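Trainee: Got a file for you: final_39.cif, mmCIF, C-alpha atoms (C1' of nucleotides).
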data_input
loop_
_atom_site.label_atom_id
_atom_site.label_comp_id
_atom_site.auth_asym_id
_atom_site.auth_seq_id
_atom_site.Cartn_x
_atom_site.Cartn_y
_atom_site.Cartn_z
CA MET N 1 11.95 -10.84 17.97
CA THR N 2 14.95 -13.03 18.65
CA VAL N 3 14.40 -16.73 19.08
CA SER N 4 16.74 -19.21 20.66
CA GLU N 5 17.21 -22.55 18.97
CA PRO N 6 18.24 -25.69 20.82
CA THR N 7 20.04 -27.76 18.18
CA PRO N 8 23.12 -26.41 16.44
CA ALA N 9 22.26 -28.73 13.52
CA PRO N 10 25.38 -29.99 11.67
CA GLU N 11 25.30 -27.19 9.09
CA ARG N 12 23.81 -29.14 6.29
CA ALA N 13 20.42 -28.44 4.87
CA ALA N 14 18.21 -29.56 2.03
CA GLY N 15 17.55 -25.88 1.31
CA PRO N 16 19.00 -23.56 -1.26
CA SER N 17 22.44 -23.94 0.21
CA ALA N 18 23.74 -27.51 0.08
CA PRO N 19 22.89 -29.80 -2.89
CA PRO N 20 23.15 -27.80 -6.10
CA ASP N 21 20.73 -29.76 -8.25
CA LEU N 22 20.87 -27.41 -11.20
CA GLY N 23 17.22 -27.65 -12.16
CA VAL N 24 15.96 -26.84 -8.70
CA ARG N 25 18.64 -24.24 -8.30
CA ALA N 26 17.46 -22.36 -11.35
CA ALA N 27 13.87 -22.53 -10.14
CA GLU N 28 15.00 -21.16 -6.79
CA GLU N 29 16.81 -18.32 -8.49
CA ARG N 30 13.62 -17.43 -10.35
CA PHE N 31 11.47 -17.70 -7.28
CA ILE N 32 13.77 -15.50 -5.25
CA GLU N 33 13.83 -12.86 -7.95
CA ALA N 34 10.07 -13.05 -8.31
CA MET N 35 9.69 -12.44 -4.61
CA GLY N 36 12.08 -9.52 -4.92
CA LEU N 37 9.92 -7.95 -7.60
CA ALA N 38 6.67 -8.74 -5.83
CA HIS N 39 7.81 -7.11 -2.63
CA GLU N 40 9.07 -4.14 -4.52
CA GLU N 41 5.49 -3.62 -5.65
CA ASP N 42 4.56 -3.50 -1.99
CA ARG N 43 7.09 -0.74 -1.47
CA LEU N 44 9.68 -2.84 0.23
CA PRO N 45 13.30 -2.87 -0.90
CA ARG N 46 14.01 -5.49 -3.49
CA ILE N 47 16.63 -7.08 -1.30
CA ALA N 48 14.06 -7.54 1.45
CA GLY N 49 11.89 -9.44 -0.99
CA ARG N 50 14.77 -11.66 -2.08
CA LEU N 51 15.53 -12.30 1.53
CA VAL N 52 11.99 -13.46 2.10
CA GLY N 53 12.17 -15.69 -0.96
CA LEU N 54 15.43 -17.25 0.11
CA LEU N 55 14.19 -17.88 3.63
CA ILE N 56 10.96 -19.41 2.42
CA LEU N 57 13.08 -21.90 0.51
CA SER N 58 15.33 -22.64 3.46
CA PRO N 59 14.09 -25.31 5.87
CA GLU N 60 16.83 -24.42 8.33
CA PRO N 61 17.73 -20.96 9.60
CA VAL N 62 20.35 -19.30 7.41
CA ARG N 63 23.47 -17.59 8.68
CA PHE N 64 23.83 -13.87 8.30
CA ASP N 65 26.96 -13.99 6.19
CA LEU N 66 25.58 -16.75 4.00
CA LEU N 67 22.66 -14.49 3.16
CA ALA N 68 25.05 -11.81 1.94
CA GLU N 69 27.03 -14.37 0.00
CA ARG N 70 24.09 -16.12 -1.59
CA LEU N 71 22.35 -12.91 -2.63
CA ARG N 72 25.66 -11.27 -3.56
CA VAL N 73 24.88 -8.20 -1.59
CA SER N 74 26.75 -6.21 1.05
CA ARG N 75 26.53 -7.18 4.69
CA ALA N 76 25.24 -3.68 5.31
CA SER N 77 22.22 -4.38 3.15
CA ILE N 78 21.58 -7.67 4.89
CA SER N 79 21.75 -5.95 8.24
CA THR N 80 19.35 -3.20 7.21
CA ASN N 81 16.85 -5.44 5.52
CA THR N 82 16.82 -8.24 8.03
CA ARG N 83 16.11 -5.70 10.73
CA LEU N 84 13.36 -4.22 8.63
CA LEU N 85 11.73 -7.59 8.08
CA GLU N 86 12.27 -8.53 11.68
CA ASN N 87 10.42 -5.43 12.84
CA MET N 88 7.62 -6.20 10.47
CA GLY N 89 7.38 -9.67 11.91
CA VAL N 90 8.12 -11.36 8.61
CA ILE N 91 11.27 -13.14 9.71
CA HIS N 92 12.86 -14.18 12.98
CA ARG N 93 16.39 -13.74 14.14
CA VAL N 94 17.63 -17.00 15.60
CA THR N 95 20.55 -17.32 17.96
CA ARG N 96 22.24 -20.42 19.21
CA PRO N 97 24.10 -21.04 22.42
CA GLY N 98 27.81 -20.94 21.91
CA ASP N 99 27.45 -19.37 18.50
CA ARG N 100 28.01 -15.67 18.17
CA ARG N 101 26.49 -15.42 14.72
CA ASP N 102 22.93 -14.58 13.78
CA TYR N 103 20.66 -16.87 11.82
CA PHE N 104 17.35 -16.05 10.23
CA ARG N 105 14.25 -17.99 9.40
CA ILE N 106 10.92 -17.08 7.90
CA ASN N 107 8.07 -16.47 10.30
CA GLU N 108 5.53 -19.21 9.67
CA GLU N 109 2.80 -17.00 11.03
CA PRO N 110 1.66 -14.65 8.30
CA GLY N 111 2.66 -11.33 9.80
CA LEU N 112 2.38 -9.11 6.78
CA LEU N 113 -1.23 -9.85 6.05
CA LEU N 114 -2.42 -7.96 9.07
CA ARG N 115 -0.56 -4.99 7.71
CA ILE N 116 -2.33 -5.28 4.38
CA ALA N 117 -5.68 -5.55 6.08
CA ASP N 118 -4.91 -2.43 8.08
CA ARG N 119 -4.16 -0.54 4.92
CA TYR N 120 -7.59 -1.37 3.58
CA ARG N 121 -9.19 -0.39 6.85
CA ALA N 122 -7.53 2.99 6.61
CA ARG N 123 -8.94 3.56 3.15
CA GLN N 124 -12.34 2.49 4.32
CA ALA N 125 -12.08 5.16 7.02
CA ASP N 126 -11.13 7.83 4.48
CA ALA N 127 -14.20 7.10 2.41
CA GLU N 128 -16.40 6.91 5.47
CA GLU N 129 -15.29 10.30 6.71
CA MET N 130 -15.93 11.92 3.36
CA LYS N 131 -19.35 10.33 3.19
CA GLN N 132 -20.30 11.70 6.59
CA ALA N 133 -19.22 15.19 5.61
CA LEU N 134 -21.42 15.00 2.55
CA LEU N 135 -24.41 13.61 4.40
CA ALA N 136 -24.27 16.43 6.91
CA LYS N 137 -24.39 19.01 4.15
CA ALA N 138 -26.64 17.23 1.68
CA GLY N 139 -24.11 16.41 -0.99
CA SER N 140 -24.75 14.81 -4.36
CA ALA N 141 -26.54 11.49 -4.10
CA VAL N 142 -24.35 9.90 -6.77
CA VAL N 143 -21.23 10.77 -4.88
CA VAL N 144 -22.60 9.49 -1.60
CA GLU N 145 -23.44 6.23 -3.29
CA ARG N 146 -19.96 5.94 -4.71
CA LEU N 147 -18.46 6.49 -1.30
CA GLU N 148 -20.76 3.89 0.18
CA GLY N 149 -19.56 1.48 -2.46
CA LEU N 150 -15.97 2.23 -1.53
CA VAL N 151 -16.61 1.72 2.15
CA ARG N 152 -18.34 -1.58 1.49
CA PHE N 153 -15.59 -2.75 -0.76
CA TYR N 154 -12.72 -1.97 1.54
CA SER N 155 -14.38 -3.33 4.61
CA ALA N 156 -15.31 -6.52 2.80
CA LEU N 157 -11.73 -6.90 1.66
CA ALA N 158 -10.31 -6.34 5.11
CA ASP N 159 -12.82 -8.75 6.63
CA SER N 160 -11.97 -11.32 4.03
CA LEU N 161 -8.30 -11.02 4.87
CA HIS N 162 -8.95 -11.43 8.55
CA ARG N 163 -11.08 -14.46 7.95
CA MET N 164 -8.40 -15.97 5.79
CA LEU N 165 -5.83 -15.39 8.48
CA ALA N 166 -7.99 -17.10 11.04
CA ALA N 167 -8.57 -20.03 8.70
CA MET N 168 -4.88 -20.46 7.94
CA ASP N 169 -4.01 -20.20 11.55
CA GLY N 170 -6.23 -23.15 12.40
CA GLY N 171 -5.03 -24.67 9.14
CA ARG N 172 -2.42 -27.36 9.68
CA ASP N 173 -0.38 -28.58 12.59
CA ALA N 174 -0.17 -25.09 14.13
CA SER N 175 2.39 -23.37 11.96
CA ARG N 176 1.36 -22.33 8.53
CA SER N 177 2.42 -20.61 5.27
CA GLY N 178 5.40 -18.33 5.09
CA ALA N 179 2.97 -15.71 3.91
CA THR N 180 4.29 -12.41 2.79
CA MET H 181 -11.79 4.43 -23.75
CA THR H 182 -13.51 7.59 -24.86
CA VAL H 183 -17.17 7.97 -24.18
CA SER H 184 -19.57 10.35 -25.84
CA GLU H 185 -22.06 12.16 -23.67
CA PRO H 186 -25.44 13.37 -24.89
CA THR H 187 -26.17 16.32 -22.64
CA PRO H 188 -23.86 19.31 -22.48
CA ALA H 189 -25.23 19.96 -18.98
CA PRO H 190 -25.32 23.68 -18.05
CA GLU H 191 -21.88 23.60 -16.41
CA ARG H 192 -23.03 23.59 -12.86
CA ALA H 193 -22.52 20.72 -10.52
CA ALA H 194 -22.99 19.80 -6.91
CA GLY H 195 -19.48 18.42 -6.93
CA PRO H 196 -16.22 19.86 -5.71
CA SER H 197 -16.47 22.70 -8.18
CA ALA H 198 -19.49 24.89 -7.59
CA PRO H 199 -20.78 25.60 -4.03
CA PRO H 200 -17.82 26.17 -1.75
CA ASP H 201 -19.36 25.12 1.53
CA LEU H 202 -16.22 25.42 3.57
CA GLY H 203 -16.80 22.38 5.77
CA VAL H 204 -17.39 20.06 2.86
CA ARG H 205 -14.63 21.69 0.93
CA ALA H 206 -12.12 20.93 3.65
CA ALA H 207 -13.31 17.34 3.84
CA GLU H 208 -12.91 17.07 0.07
CA GLU H 209 -9.40 18.41 0.29
CA ARG H 210 -8.56 15.77 2.89
CA PHE H 211 -10.20 13.00 0.92
CA ILE H 212 -8.38 13.94 -2.27
CA GLU H 213 -5.05 14.01 -0.49
CA ALA H 214 -5.81 10.70 1.19
CA MET H 215 -6.50 9.16 -2.18
CA GLY H 216 -3.25 10.62 -3.43
CA LEU H 217 -1.35 8.95 -0.64
CA ALA H 218 -3.24 5.69 -0.91
CA HIS H 219 -2.56 5.38 -4.60
CA GLU H 220 1.05 6.24 -4.06
CA GLU H 221 1.24 3.11 -1.93
CA ASP H 222 -0.01 1.22 -4.95
CA ARG H 223 2.84 2.61 -6.98
CA LEU H 224 0.82 5.14 -8.88
CA PRO H 225 1.86 8.78 -9.09
CA ARG H 226 0.38 10.89 -6.36
CA ILE H 227 -1.30 13.14 -8.88
CA ALA H 228 -3.07 10.13 -10.36
CA GLY H 229 -4.47 9.33 -6.94
CA ARG H 230 -5.64 12.89 -6.43
CA LEU H 231 -7.30 12.78 -9.80
CA VAL H 232 -9.17 9.68 -8.79
CA GLY H 233 -10.23 11.32 -5.54
CA LEU H 234 -11.42 14.46 -7.28
CA LEU H 235 -13.36 12.53 -9.87
CA ILE H 236 -15.01 10.31 -7.29
CA LEU H 237 -16.30 13.48 -5.68
CA SER H 238 -17.52 14.94 -8.95
CA PRO H 239 -20.99 13.87 -10.05
CA GLU H 240 -20.44 15.47 -13.45
CA PRO H 241 -17.47 14.97 -15.77
CA VAL H 242 -14.73 17.53 -15.10
CA ARG H 243 -12.99 19.56 -17.74
CA PHE H 244 -9.33 18.95 -18.44
CA ASP H 245 -8.18 22.46 -17.59
CA LEU H 246 -10.30 22.57 -14.45
CA LEU H 247 -8.47 19.49 -13.23
CA ALA H 248 -5.17 21.28 -13.61
CA GLU H 249 -6.55 24.36 -11.91
CA ARG H 250 -8.20 22.57 -9.03
CA LEU H 251 -5.22 20.37 -8.25
CA ARG H 252 -2.78 23.23 -8.96
CA VAL H 253 -0.73 21.10 -11.23
CA SER H 254 0.58 21.56 -14.78
CA ARG H 255 -1.50 20.58 -17.78
CA ALA H 256 1.33 18.26 -18.70
CA SER H 257 0.84 16.29 -15.52
CA ILE H 258 -2.89 16.13 -16.06
CA SER H 259 -2.35 14.86 -19.57
CA THR H 260 0.10 12.18 -18.48
CA ASN H 261 -1.90 10.97 -15.53
CA THR H 262 -5.33 11.03 -17.11
CA ARG H 263 -3.97 8.92 -19.92
CA LEU H 264 -2.43 6.55 -17.43
CA LEU H 265 -5.69 6.15 -15.54
CA GLU H 266 -7.61 5.89 -18.76
CA ASN H 267 -5.45 3.01 -19.93
CA MET H 268 -5.94 1.31 -16.61
CA GLY H 269 -9.66 1.67 -16.99
CA VAL H 270 -10.04 3.74 -13.85
CA ILE H 271 -11.45 6.84 -15.50
CA HIS H 272 -13.17 7.67 -18.76
CA ARG H 273 -12.48 10.45 -21.14
CA VAL H 274 -15.73 12.10 -22.09
CA THR H 275 -16.24 14.19 -25.19
CA ARG H 276 -19.21 16.25 -26.17
CA PRO H 277 -20.46 17.21 -29.58
CA GLY H 278 -19.57 20.76 -30.43
CA ASP H 279 -17.05 20.94 -27.61
CA ARG H 280 -13.43 20.51 -28.41
CA ARG H 281 -12.38 20.04 -24.81
CA ASP H 282 -11.94 16.80 -22.93
CA TYR H 283 -13.83 15.89 -19.79
CA PHE H 284 -13.18 13.07 -17.39
CA ARG H 285 -15.29 11.01 -15.08
CA ILE H 286 -14.59 8.10 -12.77
CA ASN H 287 -15.35 4.67 -14.12
CA GLU H 288 -18.18 3.30 -12.02
CA GLU H 289 -17.10 -0.21 -12.85
CA PRO H 290 -14.27 -1.13 -10.55
CA GLY H 291 -11.48 -1.49 -13.06
CA LEU H 292 -8.52 -1.50 -10.77
CA LEU H 293 -9.67 -4.41 -8.71
CA LEU H 294 -9.15 -6.83 -11.54
CA ARG H 295 -5.61 -5.58 -11.68
CA ILE H 296 -5.11 -6.25 -7.99
CA ALA H 297 -6.53 -9.73 -8.38
CA ASP H 298 -4.17 -10.37 -11.27
CA ARG H 299 -1.24 -9.39 -9.16
CA TYR H 300 -2.17 -11.99 -6.59
CA ARG H 301 -2.67 -14.58 -9.29
CA ALA H 302 0.84 -13.91 -10.53
CA ARG H 303 2.27 -14.50 -7.09
CA GLN H 304 0.27 -17.64 -6.78
CA ALA H 305 1.83 -18.82 -10.02
CA ASP H 306 5.34 -18.05 -8.77
CA ALA H 307 4.82 -20.19 -5.71
CA GLU H 308 3.18 -22.94 -7.71
CA GLU H 309 6.08 -23.14 -10.13
CA MET H 310 8.60 -23.36 -7.35
CA LYS H 311 6.58 -26.04 -5.64
CA GLN H 312 6.49 -28.16 -8.80
CA ALA H 313 10.23 -27.88 -9.23
CA LEU H 314 10.70 -29.11 -5.69
CA LEU H 315 8.24 -31.96 -6.02
CA ALA H 316 9.99 -33.23 -9.12
CA LYS H 317 13.30 -33.38 -7.29
CA ALA H 318 12.09 -34.38 -3.84
CA GLY H 319 12.74 -31.13 -2.01
CA SER H 320 12.31 -30.44 1.69
CA ALA H 321 8.83 -31.25 2.94
CA VAL H 322 8.69 -28.14 5.10
CA VAL H 323 9.41 -25.94 2.15
CA VAL H 324 6.86 -27.66 -0.04
CA GLU H 325 4.28 -27.12 2.67
CA ARG H 326 5.15 -23.46 2.89
CA LEU H 327 4.75 -23.06 -0.81
CA GLU H 328 1.42 -24.83 -0.70
CA GLY H 329 0.34 -22.41 1.98
CA LEU H 330 1.37 -19.51 -0.24
CA VAL H 331 -0.50 -20.88 -3.21
CA ARG H 332 -3.61 -21.41 -1.15
CA PHE H 333 -3.41 -17.97 0.30
CA TYR H 334 -2.98 -16.09 -2.93
CA SER H 335 -5.59 -18.04 -4.81
CA ALA H 336 -8.07 -17.57 -1.97
CA LEU H 337 -7.39 -13.86 -2.02
CA ALA H 338 -7.78 -13.57 -5.78
CA ASP H 339 -10.97 -15.64 -5.69
CA SER H 340 -12.33 -13.49 -2.94
CA LEU H 341 -11.66 -10.37 -4.97
CA HIS H 342 -13.38 -11.80 -8.01
CA ARG H 343 -16.38 -12.81 -5.97
CA MET H 344 -16.57 -9.36 -4.49
CA LEU H 345 -16.46 -7.84 -7.92
CA ALA H 346 -19.28 -10.02 -9.10
CA ALA H 347 -21.31 -9.16 -6.02
CA MET H 348 -20.80 -5.44 -6.43
CA ASP H 349 -21.61 -5.64 -10.08
CA GLY H 350 -25.01 -7.12 -9.37
CA GLY H 351 -25.13 -4.77 -6.39
CA ARG H 352 -27.26 -1.74 -7.12
CA ASP H 353 -28.99 -0.34 -10.17
CA ALA H 354 -26.28 -1.59 -12.54
CA SER H 355 -23.48 0.87 -11.97
CA ARG H 356 -21.54 0.58 -8.79
CA SER H 357 -18.74 1.96 -6.62
CA GLY H 358 -16.00 4.16 -8.01
CA ALA H 359 -13.60 1.57 -6.73
CA THR H 360 -9.93 2.15 -7.01
"C1'" DC V 361 46.35 -5.77 25.43
"C1'" DA V 362 46.16 -6.42 20.29
"C1'" DT V 363 43.32 -8.69 17.16
"C1'" DC V 364 39.66 -11.06 15.06
"C1'" DT V 365 34.86 -11.72 14.31
"C1'" DT V 366 30.30 -10.16 13.72
"C1'" DG V 367 26.89 -6.96 13.01
"C1'" DT V 368 25.41 -1.88 12.75
"C1'" DT V 369 25.60 2.85 11.29
"C1'" DC V 370 27.15 6.57 8.49
"C1'" DA V 371 28.30 9.07 4.28
"C1'" DG V 372 28.29 9.03 -0.48
"C1'" DT V 373 26.84 7.39 -5.09
"C1'" DC V 374 23.57 6.09 -8.29
"C1'" DT V 375 19.03 5.09 -10.10
"C1'" DT V 376 14.34 5.97 -10.55
"C1'" DG V 377 10.51 8.48 -11.23
"C1'" DA V 378 7.51 12.54 -10.56
"C1'" DC V 379 6.78 16.88 -12.14
"C1'" DA V 380 7.04 21.22 -14.85
"C1'" DA V 381 8.16 24.35 -18.73
"C1'" DA V 382 8.67 24.57 -23.27
"C1'" DA V 383 8.30 22.92 -27.75
"C1'" DC V 384 5.16 20.69 -30.50
"C1'" DA V 385 0.85 18.86 -33.05
"C1'" DA V 386 -3.69 19.17 -34.43
"C1'" DA V 387 -7.94 21.12 -34.93
"C1'" DC V 388 -10.56 25.12 -35.34
"C1'" DC V 389 -11.50 30.16 -36.47
"C1'" DG V 390 -11.16 34.40 -38.70
"C1'" DC F 391 -3.27 31.75 -44.58
"C1'" DG F 392 -1.97 33.39 -39.54
"C1'" DG F 393 -3.48 32.95 -34.97
"C1'" DT F 394 -5.88 30.60 -31.12
"C1'" DT F 395 -7.25 26.82 -28.29
"C1'" DT F 396 -6.47 22.33 -26.50
"C1'" DG F 397 -3.90 18.48 -25.41
"C1'" DT F 398 0.64 15.74 -25.97
"C1'" DT F 399 5.57 14.88 -25.94
"C1'" DT F 400 10.07 16.09 -24.80
"C1'" DT F 401 13.69 17.80 -21.91
"C1'" DG F 402 15.54 18.91 -17.75
"C1'" DT F 403 15.42 19.29 -12.72
"C1'" DC F 404 14.75 17.58 -8.36
"C1'" DA F 405 13.91 14.41 -4.50
"C1'" DA F 406 13.57 9.88 -2.51
"C1'" DG F 407 15.51 5.92 -1.43
"C1'" DA F 408 18.33 1.62 -2.35
"C1'" DC F 409 22.67 0.06 -1.98
"C1'" DT F 410 27.65 0.11 -0.87
"C1'" DG F 411 32.18 0.76 1.38
"C1'" DA F 412 34.18 2.41 5.31
"C1'" DA F 413 34.17 3.57 9.91
"C1'" DC F 414 32.51 1.93 14.07
"C1'" DA F 415 30.98 -0.81 18.39
"C1'" DA F 416 30.92 -4.81 21.07
"C1'" DG F 417 32.31 -9.20 22.16
"C1'" DA F 418 35.39 -13.06 22.01
"C1'" DT F 419 40.21 -14.95 21.94
"C1'" DG F 420 45.03 -15.50 22.07
#
Please lay out the structure from this file as structure tokens.

Mentor:
Amino acid sequence: MTVSEPTPAPERAAGPSAPPDLGVRAAEERFIEAMGLAHEEDRLPRIAGRLVGLLILSPEPVRFDLLAERLRVSRASISTNTRLLENMGVIHRVTRPGDRRDYFRINEEPGLLLRIADRYRARQADAEEMKQALLAKAGSAVVVERLEGLVRFYSALADSLHRMLAAMDGGRDASRSGAT
Amino acid sequence: MTVSEPTPAPERAAGPSAPPDLGVRAAEERFIEAMGLAHEEDRLPRIAGRLVGLLILSPEPVRFDLLAERLRVSRASISTNTRLLENMGVIHRVTRPGDRRDYFRINEEPGLLLRIADRYRARQADAEEMKQALLAKAGSAVVVERLEGLVRFYSALADSLHRMLAAMDGGRDASRSGAT
DNA sequence: CATCTTGTTCAGTCTTGACAAAACAAACCG
DNA sequence: CGGTTTGTTTTGTCAAGACTGAACAAGATG
């Protein structure tokens, strides 16, 4: 999704771009790398994770080429990964009238969580299907119980996620948590 | 962990080994593959996932070489992946007096879930650390709020997992859910 | 129009990791 | 002891995918 922003904002931000307070800067570096690693665990490219980290730390939308510069990564990678994250609903592309360049900001709505919940739902379905097959043919009771446990677990987890989403959504002023 | 089993059990089981009811067999095949895929998403080798699936469906411990045969995979792979899962606490190696061979069964205690919860805790810590660094140096309020949202989210998720574990543990007779 | 800017796509390189075959180790058996 | 069974470790191959530079497309701009 592409969002239009009213104010050009005099290109100065309290984010990870402007004032290089060295202590904070180092913490930002660590945080960005941590997000890179964390997202890699979720099978996303490391650069995508770093992008998310950087954008979480940026109060203002960040320009395309600044992303490449700050992460020391090719523009090609920025293009690929921003589009990926955009499609996943994790970040937004922001355009401004009279400015040909693209900016990006984190999506304050937690988009990824729904995806996680869906994954658990799918596993719940796998277990459920297997359980039904066994019940129809009188399979081992132990195994049926195990599968029931699996189904319960995954559905509880998915429910819990959905509830959390709902709670966070009502959470603050209306926008909440750059959740990933 | 290696567990010793009392009964040799006359090598006959209602599991995926003995009675080849074709309908159930096909369902088992699907379930095992689904587990393979699901665990691949969690960054485990596909074979490890299939092993988990097979063992969930097996009421009795399964012999090492039968695992290789059933999954049509080299003994080397079985060795590597069983050890991996064993270290993670997902399966148990079972030995029997007078039998030199190794057997494996699923761990009824959900071992992996703790690992998942830990992962979320780690992310919570990342966000927390970044937030502290910002607070010390008066960072952007928006960003601090985002980080607080992250911290809340991850800790809620980890808590929820722990609670679920506790609930399932008290759940049935004492052993519960071959959770993965 | 020629040229610059900005972002995308393509082709190639490089890394990572899964898997298997073979060599190996250890325990048992005769 | 030599030979067998059982599992492990090592070595090599292969595939997937992340990342890059270069070519490309589409506007702007002089």

Trainee: Provide as a PDB file with C-alpha atoms, in the coordinates of the input the residues of chain N at most 9 Å from chain H, counting all atoms listed in the file.

Mentor:
ATOM      1  CA  ALA N  13      20.420 -28.440   4.870  1.00  0.00           C
ATOM      2  CA  ALA N  14      18.210 -29.560   2.030  1.00  0.00           C
ATOM      3  CA  GLY N  15      17.550 -25.880   1.310  1.00  0.00           C
ATOM      4  CA  ASP N  21      20.730 -29.760  -8.250  1.00  0.00           C
ATOM      5  CA  GLY N  23      17.220 -27.650 -12.160  1.00  0.00           C
ATOM      6  CA  VAL N  24      15.960 -26.840  -8.700  1.00  0.00           C
ATOM      7  CA  ALA N  27      13.870 -22.530 -10.140  1.00  0.00           C
ATOM      8  CA  GLU N  28      15.000 -21.160  -6.790  1.00  0.00           C
ATOM      9  CA  ARG N  30      13.620 -17.430 -10.350  1.00  0.00           C
ATOM     10  CA  PHE N  31      11.470 -17.700  -7.280  1.00  0.00           C
ATOM     11  CA  ALA N  34      10.070 -13.050  -8.310  1.00  0.00           C
ATOM     12  CA  MET N  35       9.690 -12.440  -4.610  1.00  0.00           C
ATOM     13  CA  ALA N  38       6.670  -8.740  -5.830  1.00  0.00           C
ATOM     14  CA  GLU N  41       5.490  -3.620  -5.650  1.00  0.00           C
ATOM     15  CA  ASP N  42       4.560  -3.500  -1.990  1.00  0.00           C
ATOM     16  CA  ARG N  43       7.090  -0.740  -1.470  1.00  0.00           C
ATOM     17  CA  ILE N  56      10.960 -19.410   2.420  1.00  0.00           C
ATOM     18  CA  LEU N  57      13.080 -21.900   0.510  1.00  0.00           C
ATOM     19  CA  SER N  58      15.330 -22.640   3.460  1.00  0.00           C
ATOM     20  CA  PRO N  59      14.090 -25.310   5.870  1.00  0.00           C
ATOM     21  CA  GLU N 108       5.530 -19.210   9.670  1.00  0.00           C
ATOM     22  CA  ARG N 119      -4.160  -0.540   4.920  1.00  0.00           C
ATOM     23  CA  ARG N 123      -8.940   3.560   3.150  1.00  0.00           C
ATOM     24  CA  ASP N 126     -11.130   7.830   4.480  1.00  0.00           C
ATOM     25  CA  ALA N 127     -14.200   7.100   2.410  1.00  0.00           C
ATOM     26  CA  GLU N 129     -15.290  10.300   6.710  1.00  0.00           C
ATOM     27  CA  MET N 130     -15.930  11.920   3.360  1.00  0.00           C
ATOM     28  CA  ALA N 133     -19.220  15.190   5.610  1.00  0.00           C
ATOM     29  CA  LEU N 134     -21.420  15.000   2.550  1.00  0.00           C
ATOM     30  CA  ALA N 136     -24.270  16.430   6.910  1.00  0.00           C
ATOM     31  CA  LYS N 137     -24.390  19.010   4.150  1.00  0.00           C
ATOM     32  CA  GLY N 139     -24.110  16.410  -0.990  1.00  0.00           C
ATOM     33  CA  SER N 140     -24.750  14.810  -4.360  1.00  0.00           C
ATOM     34  CA  ALA N 141     -26.540  11.490  -4.100  1.00  0.00           C
ATOM     35  CA  VAL N 142     -24.350   9.900  -6.770  1.00  0.00           C
ATOM     36  CA  VAL N 143     -21.230  10.770  -4.880  1.00  0.00           C
ATOM     37  CA  VAL N 144     -22.600   9.490  -1.600  1.00  0.00           C
ATOM     38  CA  GLU N 145     -23.440   6.230  -3.290  1.00  0.00           C
ATOM     39  CA  ARG N 146     -19.960   5.940  -4.710  1.00  0.00           C
ATOM     40  CA  LEU N 147     -18.460   6.490  -1.300  1.00  0.00           C
ATOM     41  CA  GLU N 148     -20.760   3.890   0.180  1.00  0.00           C
ATOM     42  CA  GLY N 149     -19.560   1.480  -2.460  1.00  0.00           C
ATOM     43  CA  LEU N 150     -15.970   2.230  -1.530  1.00  0.00           C
ATOM     44  CA  ARG N 152     -18.340  -1.580   1.490  1.00  0.00           C
ATOM     45  CA  PHE N 153     -15.590  -2.750  -0.760  1.00  0.00           C
ATOM     46  CA  ALA N 156     -15.310  -6.520   2.800  1.00  0.00           C
ATOM     47  CA  LEU N 157     -11.730  -6.900   1.660  1.00  0.00           C
ATOM     48  CA  SER N 160     -11.970 -11.320   4.030  1.00  0.00           C
ATOM     49  CA  LEU N 161      -8.300 -11.020   4.870  1.00  0.00           C
ATOM     50  CA  MET N 164      -8.400 -15.970   5.790  1.00  0.00           C
ATOM     51  CA  LEU N 165      -5.830 -15.390   8.480  1.00  0.00           C
ATOM     52  CA  MET N 168      -4.880 -20.460   7.940  1.00  0.00           C
ATOM     53  CA  ARG N 176       1.360 -22.330   8.530  1.00  0.00           C
ATOM     54  CA  SER N 177       2.420 -20.610   5.270  1.00  0.00           C
ATOM     55  CA  GLY N 178       5.400 -18.330   5.090  1.00  0.00           C
ATOM     56  CA  ALA N 179       2.970 -15.710   3.910  1.00  0.00           C
ATOM     57  CA  THR N 180       4.290 -12.410   2.790  1.00  0.00           C
TER      58      THR N 180
END

Trainee: Enter the distance from CA of Ala48 (chain N) to CA of Arg75 (chain N), in Å, rounded to one decimal.

Mentor: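 The value is 12.9 Å.
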
Trainee: Return as lines of an AutoDock Vina configuration file the centre and edge lengths, in Å with one decimal, of the box along x, y and z that encloses every atom of region 105-110 of chain N in the file, padded by 3 Å per side.

Mentor:
center_x = 8.0
center_y = -16.9
center_z = 9.5
size_x = 18.6
size_y = 10.6
size_z = 9.1

Trainee: Mind telling me what the PyMOL selection byres ((chain V) within 9 of (chain N)) catches here, as a list in words?

Mentor: DT365, DT366, DG367, DT368 and DT369 of chain V

Trainee: Run the PyMOL selection byres ((chain N) within 9 of (chain F)) mentally over the shown coordinates, then write out the matched residues as an MDAnalysis selection string, using the chain letters and numbers from the document.

Mentor: chainID N and resid 45:47 73:74 76:77 100

Trainee: Could you jot down the CA of Pro277 (chain H) to CA of Gly229 (chain H) separation for me, Å, one decimal place?

Mentor: 28.8 Å

Trainee: How far is it from CA of Ile91 (chain N) to CA of Asn107 (chain N), in Å with one decimal?

Mentor: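 Separating CA of Ile91 (chain N) from CA of Asn107 (chain N) is a distance of 4.7 Å.
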